[in-house]
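Shown next: my_file_15.cif, given as mmCIF, C-alpha atoms.
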```cif
data_run
loop_
_atom_site.label_atom_id
_atom_site.label_comp_id
_atom_site.auth_asym_id
_atom_site.auth_seq_id
_atom_site.Cartn_x
_atom_site.Cartn_y
_atom_site.Cartn_z
CA MET A 1 71.64 67.66 184.96
CA ARG A 2 70.40 70.22 187.47
CA LEU A 3 70.03 72.74 184.68
CA LEU A 4 67.95 70.31 182.64
CA PHE A 5 65.63 69.53 185.55
CA GLY A 6 65.38 73.21 186.37
CA THR A 7 64.40 74.19 182.84
CA LEU A 8 61.97 71.32 182.58
CA PHE A 9 60.39 72.33 185.88
CA ALA A 10 60.01 75.95 184.75
CA LEU A 11 58.47 74.87 181.44
CA VAL A 12 55.99 72.56 183.15
CA VAL A 13 54.99 75.39 185.49
CA ALA A 14 54.62 77.74 182.48
CA ALA A 15 52.41 75.29 180.58
CA ALA A 16 50.23 74.57 183.62
CA VAL A 17 49.80 78.23 184.55
CA GLY A 18 49.32 79.45 180.99
CA LEU A 19 46.91 76.81 179.70
CA GLY A 20 45.09 76.64 183.04
CA ALA A 21 44.46 80.38 182.99
CA THR A 22 43.29 80.20 179.37
CA TYR A 23 40.89 77.35 180.10
CA PHE A 24 39.56 79.17 183.15
CA ALA A 25 39.16 82.47 181.34
CA ILE A 26 37.19 80.92 178.49
CA SER A 27 34.94 78.65 180.52
CA ARG A 28 34.17 81.39 183.06
CA GLY A 29 33.77 84.24 180.60
CA ALA A 30 36.51 86.70 181.49
CA ALA A 31 35.83 89.44 178.95
CA PHE A 32 36.24 93.02 180.11
CA GLY A 33 33.43 95.48 180.65
CA ALA A 34 31.09 93.10 182.48
CA LEU A 35 27.75 94.59 183.52
CA ARG A 36 26.63 92.85 186.72
CA ILE A 37 23.17 93.48 188.11
CA GLY A 38 22.10 91.18 190.94
CA ALA A 39 22.63 87.61 189.79
CA TRP A 40 22.85 88.64 186.13
CA THR A 41 25.93 89.37 184.03
CA ALA A 42 26.16 90.81 180.54
CA PHE A 43 29.10 91.73 178.33
CA PRO A 44 27.78 94.54 176.12
CA LYS A 45 31.06 94.94 174.23
CA THR A 46 31.08 91.29 173.18
CA GLY A 47 28.36 92.15 170.67
CA THR A 48 30.44 94.86 169.00
CA GLN A 49 33.62 95.26 167.00
CA ASP A 50 35.34 96.38 170.20
CA ALA A 51 35.14 92.83 171.58
CA ASP A 52 38.36 92.20 173.50
CA PRO A 53 40.62 89.16 172.94
CA TYR A 54 38.97 87.25 175.79
CA ALA A 55 35.52 87.75 174.28
CA ARG A 56 36.84 86.74 170.84
CA ALA A 57 38.41 83.58 172.24
CA GLU A 58 35.20 82.66 174.05
CA ILE A 59 33.09 83.25 170.93
CA ALA A 60 35.43 81.13 168.80
CA ARG A 61 35.62 78.35 171.37
CA THR A 62 31.90 78.01 172.08
CA GLY A 63 30.80 78.44 168.46
CA ARG A 64 27.98 80.83 169.20
CA LEU A 65 27.06 84.02 167.38
CA PRO A 66 26.88 86.75 170.01
CA VAL A 67 23.81 89.00 170.12
CA ALA A 68 24.85 92.17 168.27
CA LEU A 69 24.52 95.25 170.43
CA GLY A 70 22.24 96.99 167.92
CA ASP A 71 19.95 93.96 168.14
CA GLY A 72 19.86 93.42 171.87
CA LEU A 73 21.75 92.36 174.96
CA MET A 74 22.03 88.98 176.66
CA PHE A 75 22.30 88.60 180.43
CA VAL A 76 23.21 85.22 181.86
CA ALA A 77 22.88 83.81 185.36
CA LYS A 78 24.51 80.63 186.64
CA ALA A 79 23.75 81.23 190.31
CA ASP A 80 20.98 82.80 192.38
CA GLU A 81 21.13 86.01 194.42
CA THR A 82 23.02 84.33 197.26
CA GLY A 83 25.61 82.83 194.92
CA LYS A 84 24.17 79.31 195.13
CA ARG A 85 24.66 77.46 191.82
CA LEU A 86 21.36 77.07 189.92
CA ASP A 87 20.22 73.49 190.46
CA GLY A 88 17.60 71.91 188.21
CA ARG A 89 16.31 69.73 191.04
CA CYS A 90 15.29 72.80 193.05
CA GLU A 91 12.43 75.24 192.69
CA VAL A 92 13.79 78.62 191.65
CA SER A 93 11.79 81.82 191.25
CA VAL A 94 12.69 84.54 188.76
CA ALA A 95 10.54 87.51 189.71
CA GLY A 96 10.23 91.23 189.39
CA VAL A 97 10.36 93.71 186.54
CA THR A 98 12.71 94.20 183.60
CA PRO A 99 14.36 97.23 182.05
CA SER A 100 12.47 98.70 179.11
CA ALA A 101 12.83 96.76 175.88
CA ARG A 102 10.48 95.99 173.03
CA PHE A 103 10.70 92.28 173.76
CA TRP A 104 12.61 90.01 176.05
CA THR A 105 13.03 86.25 176.27
CA LEU A 106 14.13 83.99 179.11
CA ALA A 107 15.66 80.66 178.03
CA LEU A 108 17.25 77.78 179.91
CA TYR A 109 20.37 75.95 178.71
CA ASN A 110 22.67 73.25 180.06
CA SER A 111 26.33 74.10 180.59
CA GLU A 112 27.06 73.33 176.92
CA GLY A 113 24.55 75.94 175.76
CA GLU A 114 22.05 73.30 174.58
CA LEU A 115 18.33 73.35 175.31
CA VAL A 116 17.10 70.87 177.92
CA PRO A 117 14.49 68.23 177.00
CA ASN A 118 11.25 68.37 179.00
CA SER A 119 7.74 66.96 178.90
CA ILE A 120 5.98 70.08 177.59
CA ASN A 121 8.64 71.20 175.08
CA ARG A 122 8.90 74.59 176.74
CA TYR A 123 12.43 75.97 176.34
CA ALA A 124 11.83 79.68 176.84
CA PHE A 125 9.34 82.39 177.68
CA THR A 126 8.88 85.60 175.74
CA SER A 127 7.68 88.83 177.34
CA GLN A 128 4.31 88.38 175.65
CA GLU A 129 3.73 84.83 176.84
CA ILE A 130 4.01 85.31 180.57
CA VAL A 131 1.12 85.84 182.91
CA ARG A 132 1.68 89.07 184.87
CA ARG A 133 0.40 90.37 188.19
CA SER A 134 -1.83 93.44 188.14
CA ASP A 135 1.16 95.76 188.79
CA GLY A 136 2.96 94.47 185.70
CA SER A 137 5.53 92.41 187.58
CA PHE A 138 5.84 88.71 186.94
CA GLU A 139 7.13 85.49 188.41
CA ILE A 140 8.57 82.61 186.43
CA VAL A 141 9.06 79.36 188.34
CA VAL A 142 12.05 77.35 187.14
CA ALA A 143 11.50 73.86 188.50
CA PRO A 144 11.63 70.17 187.58
CA ARG A 145 7.91 69.56 188.31
CA ALA A 146 4.84 71.31 186.95
CA ASN A 147 3.87 74.56 188.63
CA PRO A 148 0.86 76.81 188.22
CA GLY A 149 1.57 80.05 186.40
CA ASN A 150 4.72 80.55 184.36
CA TRP A 151 6.59 77.28 184.59
CA LEU A 152 9.98 76.90 182.92
CA PRO A 153 10.94 73.21 183.24
CA THR A 154 14.51 72.24 184.14
CA GLY A 155 14.23 68.57 183.15
CA GLY A 156 15.86 67.82 186.51
CA ILE A 157 19.42 68.46 185.29
CA GLU A 158 21.93 69.40 187.93
CA ARG A 159 23.35 72.62 186.56
CA TYR A 160 21.82 75.06 184.18
CA THR A 161 22.21 78.60 182.89
CA LEU A 162 19.47 81.17 182.44
CA ALA A 163 19.75 83.57 179.51
CA LEU A 164 17.66 86.74 179.65
CA ARG A 165 17.79 88.60 176.34
CA PHE A 166 16.48 92.09 175.76
CA TYR A 167 15.71 93.11 172.19
CA ASP A 168 15.61 96.70 170.97
CA THR A 169 16.67 98.11 174.30
CA ALA A 170 18.58 101.12 175.55
CA VAL A 171 20.57 98.95 177.96
CA GLY A 172 24.08 98.69 176.54
CA VAL A 173 27.67 99.83 176.74
CA ALA A 174 26.75 103.16 178.34
CA THR A 175 24.73 101.46 181.09
CA LYS A 176 26.35 101.62 184.52
CA GLU A 177 25.94 99.11 187.27
CA GLY A 178 23.58 100.38 189.89
CA ARG A 179 20.00 100.72 190.84
CA GLU A 180 18.69 102.49 187.80
CA ILE A 181 18.14 99.24 185.90
CA PRO A 182 15.52 96.97 187.41
CA MET A 183 16.25 93.29 186.88
CA PRO A 184 14.26 90.29 188.08
CA THR A 185 15.61 88.61 191.20
CA ILE A 186 16.57 84.94 191.27
CA LYS A 187 15.77 83.04 194.46
CA THR A 188 16.05 79.36 195.26
CA ARG A 189 12.82 78.52 197.07
CA SER A 190 13.14 74.87 197.95
CA CYS A 191 15.42 71.96 197.27
CA PRO A 192 14.56 68.31 197.72
CA MET B 1 65.66 76.27 197.72
CA ILE B 2 65.99 79.82 196.43
CA ARG B 3 66.87 78.37 193.05
CA TRP B 4 63.58 76.46 192.83
CA LEU B 5 61.62 79.50 193.91
CA LEU B 6 63.23 81.51 191.13
CA LEU B 7 62.44 78.78 188.64
CA LEU B 8 58.86 78.75 189.88
CA LEU B 9 58.64 82.51 189.43
CA GLY B 10 60.20 82.30 185.96
CA GLY B 11 57.80 79.51 185.03
CA ALA B 12 54.82 81.55 186.22
CA LEU B 13 55.94 84.57 184.20
CA LEU B 14 56.41 82.41 181.14
CA GLY B 15 52.95 80.97 181.88
CA GLY B 16 51.51 84.46 181.65
CA ILE B 17 52.98 84.81 178.17
CA VAL B 18 51.65 81.37 177.20
CA HIS B 19 48.21 82.43 178.45
CA LEU B 20 48.12 85.67 176.45
CA ALA B 21 49.48 83.95 173.35
CA THR B 22 46.87 81.17 173.46
CA ILE B 23 44.03 83.68 173.98
CA ILE B 24 45.12 85.66 170.93
CA VAL B 25 45.84 82.66 168.70
CA LEU B 26 42.70 80.71 169.66
CA PRO B 27 40.19 82.49 167.36
CA ARG B 28 42.46 81.85 164.37
CA THR B 29 42.73 78.14 165.00
CA ALA B 30 39.17 77.40 166.13
CA THR B 31 37.46 74.83 163.92
CA GLN B 32 34.16 74.74 165.78
CA ASP B 33 33.34 78.43 165.70
CA ALA B 34 30.03 79.60 164.22
CA TYR B 35 31.47 80.48 160.80
CA SER B 36 33.06 77.03 160.41
CA ARG B 37 29.90 75.31 161.62
CA LEU B 38 27.70 77.22 159.20
CA SER B 39 29.99 76.98 156.16
CA PRO B 40 29.13 73.39 155.19
CA ILE B 41 25.35 73.91 155.42
CA ALA B 42 25.10 77.42 153.98
CA PRO B 43 25.91 78.00 150.30
CA VAL B 44 27.62 81.29 149.72
CA ASN B 45 25.61 84.44 148.80
CA SER B 46 22.15 83.02 149.42
CA VAL B 47 19.75 82.72 152.32
CA THR B 48 19.75 79.45 154.28
CA THR B 49 17.03 78.97 156.88
CA LEU B 50 18.28 77.37 160.06
CA PRO B 51 16.31 74.59 161.73
CA GLU B 52 14.72 75.53 165.05
CA PRO B 53 17.03 74.62 167.92
CA THR B 54 15.91 71.53 169.86
CA PRO B 55 17.58 69.70 172.77
CA GLU B 56 18.77 67.02 170.34
CA LYS B 57 20.09 69.25 167.63
CA ALA B 58 21.10 72.86 167.28
CA VAL B 59 23.40 74.41 164.70
CA MET B 60 24.98 76.64 167.32
CA PRO B 61 24.89 76.81 171.11
CA LEU B 62 22.79 79.46 172.88
CA MET B 63 20.35 80.01 170.02
CA ASP B 64 17.20 81.80 171.15
CA PRO B 65 14.34 79.28 170.71
CA ALA B 66 11.76 82.07 170.38
CA PHE B 67 13.19 83.12 167.01
CA ALA B 68 12.96 81.82 163.46
CA SER B 69 16.36 82.41 161.92
CA ALA B 70 18.26 82.26 158.68
CA ILE B 71 21.76 83.18 157.65
CA CYS B 72 23.40 84.47 154.51
CA ARG B 73 27.07 83.58 154.26
CA TYR B 74 28.52 86.24 152.03
CA ASP B 75 31.63 86.69 149.94
CA LEU B 76 32.20 90.19 148.62
CA SER B 77 35.18 89.32 146.42
CA GLN B 78 32.91 89.26 143.31
CA GLY B 79 31.13 92.50 144.18
CA PRO B 80 28.67 94.08 146.62
CA MET B 81 25.59 92.31 147.97
CA LYS B 82 21.97 93.33 148.22
CA LEU B 83 19.83 92.25 151.14
CA THR B 84 16.06 92.49 151.43
CA VAL B 85 14.16 91.29 154.49
CA PRO B 86 10.42 91.89 154.85
CA VAL B 87 9.39 93.09 158.26
CA GLY B 88 7.51 90.57 160.38
CA LEU B 89 4.68 91.13 162.80
CA ALA B 90 6.65 91.36 166.00
CA TYR B 91 10.36 91.95 165.82
CA THR B 92 12.73 91.35 162.94
CA SER B 93 16.45 92.00 163.07
CA VAL B 94 19.44 91.64 160.82
CA SER B 95 22.91 91.31 162.36
CA PHE B 96 26.22 91.33 160.52
CA TYR B 97 29.24 89.27 161.57
CA THR B 98 32.78 89.01 160.23
CA ASN B 99 34.27 85.62 159.38
CA ARG B 100 35.58 85.62 162.97
CA ASP B 101 32.01 85.84 164.32
CA ILE B 102 32.40 89.42 165.53
CA ALA B 103 29.22 91.52 165.23
CA TYR B 104 29.89 94.80 163.47
CA TYR B 105 26.40 96.06 162.67
CA ALA B 106 22.77 95.33 163.42
CA ILE B 107 19.49 96.83 162.37
CA ASN B 108 15.92 96.02 163.34
CA ASP B 109 12.54 96.65 161.78
CA ARG B 110 11.96 99.79 163.81
CA SER B 111 15.33 101.40 163.08
CA ALA B 112 14.81 100.56 159.39
CA GLY B 113 11.50 102.41 159.63
CA ARG B 114 9.98 100.81 156.55
CA ARG B 115 8.03 97.79 155.50
CA ALA B 116 11.21 96.00 154.53
CA ILE B 117 14.81 96.16 155.61
CA GLU B 118 16.74 96.89 152.42
CA LEU B 119 20.44 97.47 152.30
CA ASP B 120 23.64 97.13 150.33
CA LEU B 121 26.66 95.41 151.78
CA MET B 122 30.12 96.22 150.45
CA THR B 123 33.71 96.61 151.45
CA PRO B 124 35.05 100.14 152.10
CA ALA B 125 37.03 99.84 148.83
CA GLN B 126 33.91 98.95 146.80
CA ARG B 127 32.09 101.89 148.29
CA ALA B 128 34.91 104.23 147.32
CA GLU B 129 34.71 102.91 143.74
CA MET B 130 30.97 103.54 143.47
CA PRO B 131 30.22 106.02 140.65
CA GLU B 132 28.89 109.28 141.99
CA ASP B 133 25.60 109.25 140.10
CA GLU B 134 24.90 105.84 141.53
CA GLU B 135 25.69 107.21 144.95
CA ILE B 136 22.93 109.77 144.45
CA THR B 137 20.34 107.24 143.31
CA ALA B 138 21.43 105.06 146.17
CA ALA B 139 21.09 107.90 148.64
CA ASP B 140 17.89 106.52 150.06
CA ARG B 141 19.38 103.07 150.40
CA LEU B 142 21.26 101.99 153.42
CA ILE B 143 24.87 101.06 152.81
CA VAL B 144 26.71 98.82 155.25
CA GLU B 145 30.47 98.43 155.07
CA SER B 146 31.92 95.04 155.89
CA PRO B 147 35.37 95.05 157.50
CA SER B 148 36.03 91.56 156.06
CA LEU B 149 35.52 90.06 152.59
CA THR B 150 33.53 87.15 153.94
CA GLY B 151 31.14 86.91 156.83
CA ILE B 152 27.66 86.04 158.00
CA ILE B 153 24.39 87.94 158.00
CA ALA B 154 21.95 86.60 160.59
CA ILE B 155 18.28 87.28 159.85
CA ARG B 156 15.93 86.66 162.75
CA ALA B 157 12.22 87.06 163.35
CA LEU B 158 10.63 86.74 166.77
CA ALA B 159 7.60 84.57 167.43
CA PRO B 160 6.06 86.28 170.50
CA ASP B 161 4.30 83.00 171.26
CA ALA B 162 4.68 79.49 169.89
CA GLY B 163 1.55 79.85 167.72
CA LEU B 164 3.14 82.67 165.77
CA MET B 165 6.22 80.65 164.78
CA PRO B 166 4.84 79.86 161.27
CA MET B 167 4.36 83.59 160.72
CA ALA B 168 7.92 84.35 161.82
CA LYS B 169 9.18 81.61 159.51
CA ARG B 170 7.33 83.11 156.58
CA THR B 171 9.17 86.38 157.14
CA ILE B 172 12.47 84.53 157.09
CA TYR B 173 11.59 82.54 153.96
CA ALA B 174 10.91 85.78 152.09
CA ALA B 175 14.37 87.21 152.82
CA ARG B 176 16.66 87.67 149.82
CA CYS B 177 20.40 88.02 149.76
CA GLN B 178 22.28 88.12 146.46
CA ARG B 179 25.04 89.83 144.54
CA SER B 180 24.02 93.31 143.41
CA ASP B 181 24.86 92.66 139.74
CA VAL B 182 22.69 89.51 139.80
CA ALA B 183 19.83 91.35 141.50
CA LYS B 184 19.78 94.05 138.81
CA LYS B 185 19.22 91.67 135.91
#
```

Rewritten as C-alpha cells:
Amino acid sequence: MRLLFGTLFALVVAAAVGLGATYFAISRGAAFGALRIGAWTAFPKTGTQDADPYARAEIARTGRLPVALGDGLMFVAKADETGKRLDGRCEVSVAGVTPSARFWTLALYNSEGELVPNSINRYAFTSQEIVRRSDGSFEIVVAPRANPGNWLPTGGIERYTLALRFYDTAVGVATKEGREIPMPTIKTRSCP
Amino acid sequence: MIRWLLLLLGGALLGGIVHLATIIVLPRTATQDAYSRLSPIAPVNSVTTLPEPTPEKAVMPLMDPAFASAICRYDLSQGPMKLTVPVGLAYTSVSFYTNRDIAYYAINDRSAGRRAIELDLMTPAQRAEMPEDEEITAADRLIVESPSLTGIIAIRALAPDAGLMPMAKRTIYAARCQRSDVAKK
C-alpha cells in the first residue's frame, strides 16, 4: 500500500512539474538566444532553421508564422522599462530612435496575439507614418484616449503586447546586447 | 520523512523528462499551427491572398497589419515549383517555411535586385537530377532548396501608409506560384 501511494505521489509530482514547466516555457517564450535591449526582447534564431525545440514548440502552439531572419526581426515588449506590465488603461510613451532598417512597424496585440478594436481603426504605425521631431527621433503615445501626435489606441484593455518589427535590417543573430543598438524607450506616464 | 523527500526528488527528475518530452513532441501533435490553419483555405500549388487581419478575424496571430499578404502552400512531390512576385513600391518579401512552420529562407525586393523576384523551388534531390544544360540556362535564376516536400511560401508587400494598401494588394495579386512543368507550357 505504501509503495502504491509512493509511486502515485512521485507520478503526480512528475506530471505537475513537467507539464507546468512546459506550459510556462511556451507562454513565456523560453527559446534560447534571446536578444534583450531595454524593455524589448527578440529571438533572432526563431526565424531560422536553427530554431531550438522551445521556439518550435511555441511556434506550433501559437499558430503564428515567425518573421524569417532574412526578412526582418520582431522585438516584443510586455512591460515598460521599470518592469511594470503594460496596461491599456495607462498612458505609455514609446520614444527615441531605432536601429537602421529600411522600414519598421509598431503594432499592438492582446495576449492572444489578436489586434485590439478601437474607434479609429489604427492597429499599427509604420516608420513612414509617424510624425518625427526635428532631430529624427519620435514619440508614439500608447493610450486609451485620443492624444495629439502619434496615437496608438489601446482600446482600454488591461494587458497588451507591443511588437516592433524591423524589415531589411542588419540586426540579427550576430547582434550582441549592449549599447550599440538604439531602441526606443517605453515609459508609463500616467495611470488613472 | 526521508522516503517522501526521495519520492519528491524522483518525481521532480521524472518531471524534467516529461517536460523535455512534451516540448519535443508538441510540434508534431499541434493541430492549430500555421500550416494546419492555412491548409483548409489554401489550395496546393497556387497563390491564396490572405484577408487583412482585423480584431474580429485573423488567419494567424501576430500578423503585421501594415502588410498585404498571400501564401502559396506547396507540394514538391510532383516536381519543382516556379515563383514570380513583382516588386512593389515600398518593400516586398518572400519567406519560405517548412510544413512545421520553420523559416528556412527569405528574400526581399532589394536582395533580389530586379523588377521581380523570380525563383525555382525544389528539393535537394530534384536539384541533383537537373540536367546540366538546364543548369546552365538556369544559371541566372535563383534556386531555393526546400528541406521538406511540403511547406508554405509567404508573400508580403508593405503599405507604408494606409492609403497605399490597394497598391500593396495589387503586388500580391500579381504573384504567381505554380509547378515548373505547368509554367513551361

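Considering all atoms listed in the file, the residue among B:Pro80, B:Pro160, B:Pro51, B:Pro40 positioned nearest to chain A is B:Pro160.
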
What are the closest atom pairs, with distances in Å to one decimal, for all residues of chain A lying within 7 Å of chain B? Consider all atoms listed in the file, order rows by chain and residue number, and present the result as a Markdown table.
```
| residue | atom | partner | partner_atom | distance |
| --- | --- | --- | --- | --- |
| A:Gly6 | CA | B:Leu7 | CA | 6.7 |
| A:Ala10 | CA | B:Gly11 | CA | 4.2 |
| A:Leu11 | CA | B:Gly11 | CA | 5.9 |
| A:Val13 | CA | B:Gly11 | CA | 5.0 |
| A:Ala14 | CA | B:Gly15 | CA | 3.7 |
| A:Ala15 | CA | B:Gly15 | CA | 5.9 |
| A:Val17 | CA | B:Gly15 | CA | 5.0 |
| A:Gly18 | CA | B:Gly15 | CA | 4.0 |
| A:Leu19 | CA | B:His19 | CA | 5.9 |
| A:Ala21 | CA | B:His19 | CA | 6.2 |
| A:Thr22 | CA | B:His19 | CA | 5.5 |
| A:Gly47 | CA | B:Ala103 | CA | 5.5 |
| A:Thr48 | CA | B:Ala103 | CA | 5.2 |
| A:Gln49 | CA | B:Tyr104 | CA | 5.2 |
| A:Pro53 | CA | B:Ile24 | CA | 6.0 |
| A:Tyr54 | CA | B:Ile23 | CA | 6.5 |
| A:Arg56 | CA | B:Pro27 | CA | 6.4 |
| A:Ala57 | CA | B:Pro27 | CA | 5.3 |
| A:Ala60 | CA | B:Asp33 | CA | 4.6 |
| A:Arg61 | CA | B:Asp33 | CA | 6.1 |
| A:Thr62 | CA | B:Asp33 | CA | 6.6 |
| A:Gly63 | CA | B:Asp33 | CA | 3.8 |
| A:Arg64 | CA | B:Pro61 | CA | 5.4 |
| A:Leu65 | CA | B:Asp101 | CA | 6.1 |
| A:Ala68 | CA | B:Ala103 | CA | 5.4 |
| A:Gly70 | CA | B:Ala106 | CA | 4.8 |
| A:Asp71 | CA | B:Ala106 | CA | 5.7 |
| A:Gly113 | CA | B:Pro61 | CA | 4.7 |
| A:Glu114 | CA | B:Pro61 | CA | 5.7 |
| A:Leu115 | CA | B:Pro55 | CA | 4.5 |
| A:Val116 | CA | B:Pro55 | CA | 5.3 |
| A:Pro117 | CA | B:Pro55 | CA | 5.4 |
| A:Tyr123 | CA | B:Pro65 | CA | 6.8 |
| A:Ala124 | CA | B:Pro65 | CA | 6.6 |
| A:Thr126 | CA | B:Pro160 | CA | 6.0 |
| A:Gln128 | CA | B:Pro160 | CA | 5.8 |
| A:Glu129 | CA | B:Asp161 | CA | 5.9 |
```

For B:Ala68, please output as JSON, numbers by chain all residues within 7 Å (counting all atoms listed in the file; exclusion window: fewer than 5 positions along the same chain). {"B": [52, 156, 157, 158, 165, 168, 169, 172]}

Given the file shown, enumerate the residues that the PyMOL selection byres ((chain A and resi 144-147) around 10) captures and present them as number ranges by chain. A: 87-92, 118-120, 140-143, 148-157

9 Å contact set for A:Gly38, only C-alpha atoms, chain neighbours under 5 positions out, as a count of residues only: 6

Polymer residues at most 7 Å from (25.4, 92.6, 177.2) by only C-alpha atoms, as a PyMOL selection string: chain A and resi 42-45+73-75+172
